[in-house]
file work-v2.cif (mmCIF, C-alpha atoms)
data_run
#
loop_
_atom_site.label_atom_id
_atom_site.label_comp_id
_atom_site.auth_asym_id
_atom_site.auth_seq_id
_atom_site.Cartn_x
_atom_site.Cartn_y
_atom_site.Cartn_z
CA MET E 3 0.00 0.00 0.00
CA THR E 4 1.17 3.52 -0.68
CA ALA E 5 1.82 5.90 2.19
CA SER E 6 -0.79 8.52 2.98
CA LEU E 7 -2.15 10.03 -0.20
CA LYS E 8 -2.88 13.31 1.49
CA ARG E 9 -0.72 16.27 0.65
CA PRO E 10 -0.76 19.88 1.78
CA GLU E 11 -2.84 22.21 -0.29
CA ALA E 12 -1.18 25.41 -1.53
CA GLU E 13 -3.21 28.63 -1.42
CA LEU E 14 -4.99 29.68 -4.57
CA GLY E 15 -3.02 32.62 -5.98
CA PRO E 16 -3.41 34.83 -9.02
CA ILE E 17 -3.70 33.32 -12.50
CA PRO E 18 -0.13 32.56 -13.61
CA ASP E 19 1.30 33.96 -16.84
CA GLY E 20 2.07 31.84 -19.84
CA PHE E 21 -1.18 29.90 -20.22
CA ASP E 22 -2.97 30.66 -23.45
CA ARG E 23 -6.71 30.07 -23.25
CA PHE E 24 -6.91 28.32 -26.60
CA GLU E 25 -4.01 26.01 -25.74
CA VAL E 26 -5.52 25.18 -22.35
CA GLU E 27 -8.94 24.47 -23.81
CA GLN E 28 -7.44 22.24 -26.49
CA PHE E 29 -5.61 20.35 -23.75
CA LEU E 30 -8.80 19.85 -21.73
CA PHE E 31 -10.76 18.73 -24.77
CA ARG E 32 -8.01 16.26 -25.62
CA GLU E 33 -8.08 14.85 -22.09
CA ALA E 34 -11.87 14.47 -22.39
CA ARG E 35 -11.56 12.75 -25.77
CA TYR E 36 -8.93 10.28 -24.52
CA ALA E 37 -11.21 9.40 -21.59
CA ASP E 38 -14.27 9.05 -23.84
CA GLU E 39 -12.42 6.82 -26.28
CA SER E 40 -10.78 4.67 -23.55
CA ASP E 41 -7.39 5.64 -24.97
CA TYR E 42 -5.65 4.66 -21.76
CA ASP E 43 -2.05 5.17 -22.91
CA ALA E 44 -2.71 8.67 -24.22
CA TRP E 45 -4.75 9.57 -21.15
CA GLU E 46 -2.08 8.27 -18.77
CA SER E 47 0.64 10.25 -20.55
CA LEU E 48 -1.09 13.52 -19.64
CA TRP E 49 -0.48 13.13 -15.91
CA THR E 50 2.42 14.47 -13.85
CA ASP E 51 4.27 12.21 -11.40
CA ASP E 52 2.57 13.89 -8.43
CA ALA E 53 -0.88 13.54 -10.00
CA LEU E 54 -4.10 13.35 -8.05
CA TYR E 55 -7.36 12.17 -9.62
CA TRP E 56 -10.23 12.67 -7.18
CA VAL E 57 -13.97 12.05 -7.31
CA PRO E 58 -15.32 12.84 -3.83
CA ALA E 59 -18.50 11.25 -2.45
CA ASN E 60 -21.13 12.95 -0.29
CA GLY E 61 -20.03 16.53 -0.95
CA ALA E 62 -17.30 18.56 -2.59
CA ASP E 63 -15.01 19.41 0.30
CA ILE E 64 -14.78 16.21 2.27
CA ASP E 65 -11.61 15.05 4.02
CA PRO E 66 -10.38 12.23 1.75
CA SER E 67 -8.17 10.77 4.47
CA ARG E 68 -11.18 10.17 6.72
CA GLU E 69 -14.22 10.03 4.43
CA MET E 70 -15.19 7.98 1.41
CA SER E 71 -14.42 9.05 -2.13
CA VAL E 72 -15.54 7.37 -5.35
CA ILE E 73 -11.98 7.73 -6.65
CA TYR E 74 -8.89 9.03 -4.88
CA ASP E 75 -5.95 8.02 -7.04
CA ASN E 76 -2.37 9.16 -6.78
CA ARG E 77 -0.12 8.51 -9.79
CA ASN E 78 0.56 4.90 -8.74
CA ARG E 79 -3.10 4.16 -8.38
CA ILE E 80 -3.93 5.78 -11.71
CA ALA E 81 -1.41 3.36 -13.22
CA THR E 82 -3.00 0.41 -11.38
CA ARG E 83 -6.47 1.44 -12.52
CA LEU E 84 -5.38 1.68 -16.15
CA LYS E 85 -3.42 -1.55 -15.95
CA GLN E 86 -6.59 -3.29 -14.78
CA LEU E 87 -8.60 -1.74 -17.62
CA ARG E 88 -6.01 -2.83 -20.19
CA THR E 89 -6.29 -6.50 -19.13
CA GLY E 90 -9.69 -6.67 -20.82
CA LYS E 91 -10.89 -8.40 -17.65
CA ARG E 92 -12.25 -5.27 -16.04
CA TYR E 93 -15.79 -6.64 -16.19
CA ALA E 94 -17.32 -3.27 -15.37
CA GLN E 95 -15.88 -2.20 -18.74
CA ALA E 96 -16.40 -5.39 -20.71
CA PRO E 97 -17.80 -4.38 -23.11
CA PRO E 98 -16.41 -0.84 -22.78
CA SER E 99 -18.75 2.10 -22.30
CA HIS E 100 -19.59 4.28 -25.21
CA SER E 101 -19.38 7.76 -23.80
CA ARG E 102 -19.08 11.36 -24.93
CA ARG E 103 -18.73 14.39 -22.73
CA LEU E 104 -19.11 18.10 -23.17
CA LEU E 105 -16.98 20.63 -21.30
CA SER E 106 -18.37 24.08 -20.82
CA ASN E 107 -18.17 27.22 -18.66
CA ILE E 108 -14.40 26.96 -18.61
CA GLU E 109 -12.99 29.46 -16.13
CA PHE E 110 -9.40 30.23 -15.20
CA ALA E 111 -9.57 30.16 -11.42
CA GLY E 112 -6.04 31.00 -10.27
CA GLY E 113 -2.62 29.52 -9.62
CA ARG E 114 -1.22 27.04 -7.13
CA THR E 115 2.44 26.61 -6.29
CA ASN E 116 3.56 23.11 -7.25
CA PRO E 117 6.32 20.89 -5.77
CA ASP E 118 8.72 21.97 -8.55
CA GLY E 119 8.43 25.59 -7.38
CA GLY E 120 6.40 26.63 -10.42
CA VAL E 121 2.78 27.65 -10.46
CA ASP E 122 0.05 25.37 -11.85
CA LEU E 123 -2.94 26.93 -13.55
CA GLU E 124 -6.20 26.03 -11.87
CA VAL E 125 -9.13 25.78 -14.25
CA ALA E 126 -12.74 24.89 -13.50
CA ALA E 127 -15.40 23.71 -15.93
CA ASN E 128 -18.80 22.09 -16.01
CA PHE E 129 -19.25 18.78 -17.77
CA LEU E 130 -22.08 16.66 -19.05
CA LEU E 131 -21.40 13.08 -20.07
CA ILE E 132 -23.63 10.47 -21.65
CA ASP E 133 -22.56 6.91 -20.98
CA SER E 134 -24.13 4.10 -22.99
CA ARG E 135 -23.95 0.66 -21.42
CA PRO E 136 -25.91 -2.58 -21.89
CA ARG E 137 -28.04 -1.62 -18.86
CA GLY E 138 -29.02 1.66 -20.55
CA ASN E 139 -27.86 5.23 -20.92
CA HIS E 140 -26.79 7.30 -17.96
CA LEU E 141 -26.24 11.02 -17.77
CA TRP E 142 -23.39 12.21 -15.57
CA GLY E 143 -22.72 15.84 -14.78
CA GLY E 144 -20.77 18.04 -12.46
CA ARG E 145 -17.96 20.46 -11.88
CA VAL E 146 -14.36 19.62 -12.70
CA THR E 147 -11.32 21.38 -11.27
CA TYR E 148 -8.05 20.87 -13.12
CA ARG E 149 -4.50 21.90 -12.29
CA ILE E 150 -2.39 22.24 -15.37
CA ARG E 151 1.39 22.43 -15.39
CA ARG E 152 3.67 23.65 -18.14
CA GLY E 153 6.26 20.91 -18.66
CA LYS E 154 9.14 20.64 -21.08
CA GLU E 155 6.89 18.88 -23.59
CA GLY E 156 3.82 21.02 -23.23
CA LEU E 157 0.95 20.98 -20.79
CA ARG E 158 0.47 18.22 -18.21
CA LEU E 159 -2.32 17.41 -15.81
CA ALA E 160 -1.39 17.50 -12.11
CA TYR E 161 -4.87 17.35 -10.59
CA LYS E 162 -8.38 16.57 -11.63
CA LYS E 163 -11.25 16.74 -9.19
CA VAL E 164 -14.70 15.75 -10.38
CA VAL E 165 -17.60 16.84 -8.18
CA LEU E 166 -20.68 15.03 -9.45
CA VAL E 167 -23.91 16.97 -8.94
CA ASP E 168 -25.49 13.81 -7.52
CA ASN E 169 -22.62 12.59 -5.37
CA ASP E 170 -24.91 12.64 -2.32
CA LYS E 171 -26.98 9.81 -3.87
CA PRO E 172 -26.29 6.21 -4.87
CA ILE E 173 -24.66 6.14 -8.29
CA PRO E 174 -24.15 3.35 -10.81
CA THR E 175 -20.83 1.67 -11.43
CA VAL E 176 -18.08 3.92 -12.77
CA GLY E 177 -15.88 1.65 -14.84
CA PHE E 178 -14.95 4.33 -17.35
CA LEU E 179 -12.76 7.39 -16.76
CA LEU E 180 -14.74 10.30 -15.37
CA MET M 4 -13.30 -22.06 3.05
CA THR M 5 -16.94 -21.02 2.91
CA ARG M 6 -19.05 -21.77 5.96
CA ASP M 7 -22.83 -21.78 6.28
CA LEU M 8 -23.34 -20.42 9.79
CA GLY M 9 -27.09 -21.06 9.81
CA GLY M 10 -29.89 -18.51 9.96
CA GLY M 11 -28.82 -17.25 6.52
CA HIS M 12 -25.43 -16.09 7.82
CA SER M 13 -22.24 -17.25 6.18
CA GLU M 14 -18.55 -16.52 6.06
CA ASN M 15 -15.58 -16.97 3.85
CA ASP M 16 -13.07 -18.16 6.43
CA LEU M 17 -9.69 -17.06 5.12
CA ARG M 18 -7.78 -17.96 8.28
CA PRO M 19 -6.51 -21.36 7.06
CA GLU M 20 -4.78 -19.60 4.15
CA PHE M 21 -3.21 -16.94 6.34
CA ARG M 22 -2.15 -19.49 8.95
CA LYS M 23 -0.18 -21.28 6.23
CA PHE M 24 1.87 -18.13 5.59
CA ALA M 25 1.97 -17.16 9.29
CA GLU M 26 2.88 -13.56 8.40
CA PRO M 27 1.36 -10.82 10.60
CA MET M 28 -0.71 -8.30 8.57
CA ARG M 29 -0.61 -10.36 5.39
CA TRP M 30 -4.43 -10.37 5.57
CA PHE M 31 -4.24 -6.60 5.06
CA GLY M 32 -1.79 -6.90 2.18
CA THR M 33 1.04 -5.39 4.18
CA THR M 34 3.70 -6.26 6.75
CA GLU M 35 4.02 -5.49 10.42
CA SER M 36 6.86 -3.03 9.74
CA ARG M 37 4.51 -0.87 7.65
CA VAL M 38 2.04 -0.44 10.51
CA PRO M 39 4.35 -0.41 13.55
CA ASP M 40 2.09 1.62 15.86
CA TYR M 41 -0.89 -0.63 15.30
CA ALA M 42 1.11 -3.83 15.69
CA ALA M 43 2.79 -2.57 18.87
CA ALA M 44 -0.57 -1.56 20.37
CA MET M 45 -2.04 -4.97 19.53
CA ARG M 46 0.94 -6.79 21.03
CA ALA M 47 0.75 -4.67 24.19
CA ARG M 48 -2.94 -5.39 24.55
CA HIS M 49 -3.19 -9.05 23.54
CA GLY M 50 0.22 -10.41 24.56
CA ASP M 51 0.72 -13.99 23.39
CA ALA M 52 -2.55 -13.99 21.47
CA ALA M 53 -1.48 -11.01 19.33
CA ASP M 54 0.46 -13.04 16.81
CA ARG M 55 -2.53 -15.20 16.04
CA ILE M 56 -4.83 -12.16 15.67
CA LEU M 57 -2.36 -10.31 13.42
CA ILE M 58 -1.90 -13.42 11.27
CA GLU M 59 -5.53 -14.52 10.98
CA GLY M 60 -6.92 -11.06 10.30
CA ALA M 61 -10.48 -9.78 10.20
CA PRO M 62 -13.66 -11.68 9.27
CA HIS M 63 -15.25 -11.92 5.85
CA VAL M 64 -18.83 -12.48 6.92
CA MET M 65 -22.34 -12.05 5.54
CA ILE M 66 -24.86 -11.31 8.26
CA PHE M 67 -28.40 -12.10 7.17
CA PRO M 68 -30.08 -10.38 5.48
CA ASN M 69 -28.05 -7.38 4.33
CA LEU M 70 -24.91 -6.63 6.33
CA PHE M 71 -21.62 -7.70 4.84
CA ILE M 72 -18.27 -7.21 6.56
CA ALA M 73 -15.27 -7.86 4.33
CA GLU M 74 -12.20 -7.43 6.56
CA ILE M 75 -11.75 -3.67 6.18
CA GLN M 76 -15.04 -2.75 4.55
CA VAL M 77 -18.64 -2.71 5.64
CA PHE M 78 -21.47 -3.05 3.15
CA ASN M 79 -25.13 -2.47 3.70
CA ILE M 80 -27.39 -3.72 0.95
CA GLN M 81 -30.78 -2.03 0.65
CA PRO M 82 -33.39 -3.45 -1.71
CA VAL M 83 -35.28 -0.47 -3.19
CA ALA M 84 -37.34 -2.25 -5.88
CA VAL M 85 -37.97 -5.80 -7.08
CA ASP M 86 -35.10 -5.40 -9.53
CA GLU M 87 -32.84 -2.92 -7.78
CA CYS M 88 -30.60 -2.75 -4.72
CA VAL M 89 -28.38 0.02 -3.41
CA GLN M 90 -25.13 -1.12 -1.87
CA TYR M 91 -23.55 1.31 0.59
CA SER M 92 -19.92 0.79 1.48
CA THR M 93 -17.52 2.37 3.91
CA ALA M 94 -14.23 1.60 5.62
CA VAL M 95 -14.02 -0.19 8.94
CA GLN M 96 -12.44 2.09 11.54
CA PHE M 97 -10.88 0.78 14.75
CA ALA M 98 -10.99 2.75 18.00
CA GLY M 99 -7.55 4.14 18.78
CA ALA M 100 -5.83 2.97 15.59
CA PRO M 101 -5.29 6.09 13.44
CA GLU M 102 -2.41 4.54 11.49
CA LEU M 103 -4.48 1.57 10.35
CA ASN M 104 -7.61 3.68 9.92
CA ARG M 105 -5.96 5.94 7.32
CA ARG M 106 -4.86 2.89 5.39
CA MET M 107 -8.29 1.28 5.64
CA VAL M 108 -9.92 4.41 4.18
CA SER M 109 -7.39 4.50 1.37
CA GLN M 110 -7.68 0.79 0.60
CA CYS M 111 -11.45 0.83 0.86
CA VAL M 112 -11.72 3.73 -1.60
CA GLY M 113 -9.35 1.90 -3.95
CA SER M 114 -11.23 -1.38 -3.88
CA ALA M 115 -14.87 -0.70 -2.91
CA GLY M 116 -17.44 1.81 -4.11
CA PRO M 117 -18.79 2.43 -7.61
CA ALA M 118 -15.34 2.85 -9.18
CA GLY M 119 -13.49 0.45 -6.87
CA MET M 120 -11.01 -1.85 -8.50
CA LEU M 121 -12.79 -4.86 -6.99
CA LEU M 122 -16.36 -3.79 -6.33
CA ALA M 123 -17.16 -2.28 -9.72
CA ASP M 124 -16.64 -5.70 -11.25
CA ASP M 125 -18.57 -7.46 -8.48
CA THR M 126 -21.47 -5.08 -9.05
CA GLU M 127 -21.36 -5.85 -12.75
CA MET M 128 -21.80 -9.53 -11.82
CA TYR M 129 -24.77 -8.71 -9.55
CA GLU M 130 -26.40 -6.88 -12.44
CA ARG M 131 -25.76 -9.75 -14.85
CA ASN M 132 -27.27 -12.17 -12.34
CA GLN M 133 -30.32 -9.94 -12.11
CA ARG M 134 -30.66 -9.97 -15.89
CA GLY M 135 -30.35 -13.75 -15.80
CA LEU M 136 -33.05 -13.95 -13.16
CA GLN M 137 -35.39 -11.71 -15.14
CA ALA M 138 -34.88 -13.77 -18.28
CA LEU M 139 -37.09 -16.58 -16.80
CA LEU M 140 -35.80 -19.02 -19.39
CA PRO M 141 -33.90 -20.85 -18.10
CA GLU M 142 -36.04 -20.62 -15.02
CA TRP M 143 -33.33 -20.93 -12.37
CA LEU M 144 -30.19 -19.19 -11.27
CA ASP M 145 -27.80 -22.03 -10.61
CA VAL M 146 -26.08 -21.98 -7.21
CA ARG M 147 -24.93 -25.59 -7.16
CA ARG M 148 -21.21 -24.93 -7.30
CA GLY M 149 -19.44 -27.13 -4.76
CA LEU M 150 -22.60 -28.99 -3.75
CA ASN M 151 -20.84 -32.27 -4.44
CA ARG M 152 -17.96 -31.57 -2.07
CA GLU M 153 -19.66 -29.96 0.92
CA ARG M 154 -18.65 -31.28 4.32
CA VAL M 155 -19.69 -30.69 7.91
CA ASP M 156 -16.98 -29.24 10.17
CA ALA M 157 -16.25 -30.08 13.80
CA ASP M 158 -18.78 -27.49 14.99
CA GLY M 159 -21.54 -28.92 12.81
CA PHE M 160 -21.51 -26.19 10.17
CA THR M 161 -21.67 -26.98 6.47
CA ILE M 162 -18.46 -25.92 4.72
CA GLY M 163 -17.28 -25.67 1.14
CA THR M 164 -14.13 -24.49 -0.60
CA ALA M 165 -13.35 -20.78 -1.06
CA THR M 166 -15.34 -20.27 -4.25
CA ASP M 167 -18.20 -22.68 -3.54
CA GLU M 168 -21.74 -21.33 -3.30
CA THR M 169 -22.30 -22.79 0.16
CA GLY M 170 -23.01 -19.35 1.62
CA MET M 171 -25.52 -18.47 -1.07
CA ARG M 172 -27.35 -21.74 -0.58
CA GLY M 173 -27.46 -21.03 3.16
CA PHE M 174 -28.82 -17.53 2.51
CA TRP M 175 -31.58 -18.56 0.12
CA SER M 176 -32.67 -21.68 1.97
CA HIS M 177 -33.13 -19.54 5.09
CA TYR M 178 -34.90 -16.83 3.08
CA LYS M 179 -37.30 -19.47 1.77
CA THR M 180 -38.22 -20.59 5.29
CA LEU M 181 -39.08 -16.97 6.15
CA MET M 182 -41.08 -16.23 3.02
CA GLU M 183 -43.14 -19.43 2.76
CA ARG M 184 -46.53 -19.79 4.37
CA GLN M 185 -46.15 -21.64 7.67
#
call {"tool": "encode", "arguments": {"input": "work-v2.cif", "output": "structure tokens"}}
result
Amino acid sequence: MTASLKRPEAELGPIPDGFDRFEVEQFLFREARYADESDYDAWESLWTDDALYWVPANGADIDPSREMSVIYDNRNRIATRLKQLRTGKRYAQAPPSHSRRLLSNIEFAGGRTNPDGGVDLEVAANFLLIDSRPRGNHLWGGRVTYRIRRGKEGLRLAYKKVVLVDNDKPIPTVGFLL
Amino acid sequence: MTRDLGGGHSENDLRPEFRKFAEPMRWFGTTESRVPDYAAAMRARHGDAADRILIEGAPHVMIFPNLFIAEIQVFNIQPVAVDECVQYSTAVQFAGAPELNRRMVSQCVGSAGPAGMLLADDTEMYERNQRGLQALLPEWLDVRRGLNRERVDADGFTIGTATDETGMRGFWSHYKTLMERQ
């Protein structure tokens, strides 16, 4: 088991320079497309080594070290999750979902100091996702917060938090990438 | 081994497996050195019995009709319609064991819940069973696995091997006694 996944949260500062809106939006749309198309290798390559992928349950601002989340993956666990999906024996995704998501209301929220000493851009957006499975179609929606880092080879994803609008209720299986 | 405890209750008794390895905390997928505070507290409290407790681990038990304790997770299954159940899950938390509690939350989130690396697949199986049940043809869901090799243990309980459907047979045969006209 990994050590505690919790890490200190830097204060939200001003929007950092050097992030072009078009470039950022293209990056977010690409991330969404990789997730929709179950392109696990491409999706995995977007993440930084200190990544955190978080889908809280029962609220937006819970304490993930004490309360339940739907997903709370550090970089190792993202790798484990994708490894399981790639086996083809992830029965919750056999057959894979057919899903498409829309991102909208994209707002630059601010900047957060990262472990490298740089400043990640924090972006928030709304999303709506239709997931088609043998059991039927399901509509997922919520607010996503991203932290985007400028790396040597372009933009990378350091953090993605998905707050489902209905995370206070029972939800169906999430075998796909939210 | 699977054990029909009567009254619809059953357990998957994993202790024989862990006894073979005789490694403290193996049941939790870790070693004693990774949870030193917890292990020390258990040894201080239980003395000579601590080794056995740390080796054998926590129960994997289904309490009739809808409470399931799987070592570090608790599930409560609520039927909400003839063809739908909601399964709630959360981490077990021990009094005075913050080191283990953090790990149990983390492991529970990783394995249980709608996106859990174990439970999402289990839930898929529950749904497929439900579809099979609703199909009506064939008429029955088959829970005969291991019927040919069931035994009775020293305490008089029916037991089967780890993947046998002994527990399910115990559950449904008890359910039938409750639901049939007396």
call {"tool": "resolve_selection", "arguments": {"input": "work-v2.cif", "expression": "the PyMOL selection byres ((chain M) within 10 of (chain E))", "output": "PyMOL selection string"}}
result
chain M and resi 31-34+37+88-94+96+101-102+104-128+130-131+134
call {"tool": "resolve_selection", "arguments": {"input": "work-v2.cif", "expression": "the PyMOL selection byres ((chain E and resi 156) around 12)", "output": "count of residues only"}}
result
20
call {"tool": "atom_distance", "arguments": {"input": "work-v2.cif", "atom1": "atom CA of Asp38 of chain E", "atom2": "atom CA of Ser134 of chain E"}}
result
11.1 Å
call {"tool": "residues_around", "arguments": {"input": "work-v2.cif", "residues": "Tyr42 of chain E", "least_positions_apart": "4", "cutoff": "9 Å", "atoms": "only C-alpha atoms", "output": "ChimeraX atom specification"}}
result
/E:36-37,46-47,84-85,87-88
call {"tool": "atom_distance", "arguments": {"input": "work-v2.cif", "atom1": "atom CA of Gly90 of chain E", "atom2": "atom CA of Val77 of chain M"}}
result
28.2 Å
call {"tool": "residues_around", "arguments": {"input": "work-v2.cif", "residues": "Ile58 of chain M", "least_positions_apart": "4", "cutoff": "6 Å", "atoms": "all atoms listed in the file", "output": "list in words"}}
result
Ala25, Glu26, Pro27 and Met28 of chain M
call {"tool": "closest_residue", "arguments": {"input": "work-v2.cif", "among": "M:Leu144, M:Leu70, M:Ala98, M:Leu103", "to": "Asp40 of chain M", "atoms": "only C-alpha atoms"}}
result
M:Leu103
call {"tool": "closest_residue", "arguments": {"input": "work-v2.cif", "among": "M:Gly170, M:Gly60, M:Gly149, M:Gly159", "to": "Glu20 of chain M", "atoms": "only C-alpha atoms"}}
result
M:Gly60
call {"tool": "build_atoms", "arguments": {"input": "work-v2.cif", "residues": "segment 94-116 of chain M", "atoms": "N, CA and C atoms", "output": "PDB file, in the coordinates of the input"}}
result
ATOM      1  N   ALA M  94     -15.383   2.266   5.009  1.00  0.00           N
ATOM      2  CA  ALA M  94     -14.230   1.600   5.620  1.00  0.00           C
ATOM      3  C   ALA M  94     -14.524   1.276   7.079  1.00  0.00           C
ATOM      4  N   VAL M  95     -14.039   0.117   7.506  1.00  0.00           N
ATOM      5  CA  VAL M  95     -14.020  -0.190   8.940  1.00  0.00           C
ATOM      6  C   VAL M  95     -13.034   0.770   9.599  1.00  0.00           C
ATOM      7  N   GLN M  96     -13.362   1.258  10.779  1.00  0.00           N
ATOM      8  CA  GLN M  96     -12.440   2.090  11.540  1.00  0.00           C
ATOM      9  C   GLN M  96     -12.327   1.519  12.952  1.00  0.00           C
ATOM     10  N   PHE M  97     -11.110   1.319  13.416  1.00  0.00           N
ATOM     11  CA  PHE M  97     -10.880   0.780  14.750  1.00  0.00           C
ATOM     12  C   PHE M  97     -10.663   1.911  15.741  1.00  0.00           C
ATOM     13  N   ALA M  98     -11.212   1.756  16.953  1.00  0.00           N
ATOM     14  CA  ALA M  98     -10.990   2.750  18.000  1.00  0.00           C
ATOM     15  C   ALA M  98      -9.509   2.779  18.357  1.00  0.00           C
ATOM     16  N   GLY M  99      -8.930   3.962  18.345  1.00  0.00           N
ATOM     17  CA  GLY M  99      -7.550   4.140  18.780  1.00  0.00           C
ATOM     18  C   GLY M  99      -6.495   3.590  17.839  1.00  0.00           C
ATOM     19  N   ALA M 100      -6.814   3.494  16.545  1.00  0.00           N
ATOM     20  CA  ALA M 100      -5.830   2.970  15.590  1.00  0.00           C
ATOM     21  C   ALA M 100      -5.725   3.873  14.355  1.00  0.00           C
ATOM     22  N   PRO M 101      -5.293   5.130  14.558  1.00  0.00           N
ATOM     23  CA  PRO M 101      -5.290   6.090  13.440  1.00  0.00           C
ATOM     24  C   PRO M 101      -4.422   5.646  12.260  1.00  0.00           C
ATOM     25  N   GLU M 102      -3.315   4.973  12.554  1.00  0.00           N
ATOM     26  CA  GLU M 102      -2.410   4.540  11.490  1.00  0.00           C
ATOM     27  C   GLU M 102      -3.104   3.553  10.554  1.00  0.00           C
ATOM     28  N   LEU M 103      -3.773   2.567  11.150  1.00  0.00           N
ATOM     29  CA  LEU M 103      -4.480   1.570  10.350  1.00  0.00           C
ATOM     30  C   LEU M 103      -5.728   2.179   9.708  1.00  0.00           C
ATOM     31  N   ASN M 104      -6.382   3.079  10.430  1.00  0.00           N
ATOM     32  CA  ASN M 104      -7.610   3.680   9.920  1.00  0.00           C
ATOM     33  C   ASN M 104      -7.377   4.441   8.615  1.00  0.00           C
ATOM     34  N   ARG M 105      -6.284   5.210   8.559  1.00  0.00           N
ATOM     35  CA  ARG M 105      -5.960   5.940   7.320  1.00  0.00           C
ATOM     36  C   ARG M 105      -5.792   4.965   6.158  1.00  0.00           C
ATOM     37  N   ARG M 106      -5.093   3.879   6.434  1.00  0.00           N
ATOM     38  CA  ARG M 106      -4.860   2.890   5.390  1.00  0.00           C
ATOM     39  C   ARG M 106      -6.160   2.183   4.981  1.00  0.00           C
ATOM     40  N   MET M 107      -7.024   1.957   5.967  1.00  0.00           N
ATOM     41  CA  MET M 107      -8.290   1.280   5.640  1.00  0.00           C
ATOM     42  C   MET M 107      -9.166   2.174   4.772  1.00  0.00           C
ATOM     43  N   VAL M 108      -9.168   3.482   5.040  1.00  0.00           N
ATOM     44  CA  VAL M 108      -9.920   4.410   4.180  1.00  0.00           C
ATOM     45  C   VAL M 108      -9.346   4.358   2.769  1.00  0.00           C
ATOM     46  N   SER M 109      -8.038   4.463   2.682  1.00  0.00           N
ATOM     47  CA  SER M 109      -7.390   4.500   1.370  1.00  0.00           C
ATOM     48  C   SER M 109      -7.635   3.204   0.588  1.00  0.00           C
ATOM     49  N   GLN M 110      -7.479   2.075   1.283  1.00  0.00           N
ATOM     50  CA  GLN M 110      -7.680   0.790   0.600  1.00  0.00           C
ATOM     51  C   GLN M 110      -9.134   0.559   0.245  1.00  0.00           C
ATOM     52  N   CYS M 111     -10.023   0.991   1.116  1.00  0.00           N
ATOM     53  CA  CYS M 111     -11.450   0.830   0.860  1.00  0.00           C
ATOM     54  C   CYS M 111     -11.865   1.647  -0.360  1.00  0.00           C
ATOM     55  N   VAL M 112     -11.396   2.893  -0.435  1.00  0.00           N
ATOM     56  CA  VAL M 112     -11.720   3.730  -1.600  1.00  0.00           C
ATOM     57  C   VAL M 112     -11.148   3.095  -2.879  1.00  0.00           C
ATOM     58  N   GLY M 113      -9.956   2.523  -2.773  1.00  0.00           N
ATOM     59  CA  GLY M 113      -9.350   1.900  -3.950  1.00  0.00           C
ATOM     60  C   GLY M 113     -10.077   0.657  -4.419  1.00  0.00           C
ATOM     61  N   SER M 114     -10.666  -0.091  -3.485  1.00  0.00           N
ATOM     62  CA  SER M 114     -11.230  -1.380  -3.880  1.00  0.00           C
ATOM     63  C   SER M 114     -12.761  -1.404  -3.898  1.00  0.00           C
ATOM     64  N   ALA M 115     -13.410  -0.664  -2.987  1.00  0.00           N
ATOM     65  CA  ALA M 115     -14.870  -0.700  -2.910  1.00  0.00           C
ATOM     66  C   ALA M 115     -15.474   0.537  -3.569  1.00  0.00           C
ATOM     67  N   GLY M 116     -16.774   0.655  -3.513  1.00  0.00           N
ATOM     68  CA  GLY M 116     -17.440   1.810  -4.110  1.00  0.00           C
ATOM     69  C   GLY M 116     -17.653   1.631  -5.603  1.00  0.00           C
TER      70      GLY M 116
END
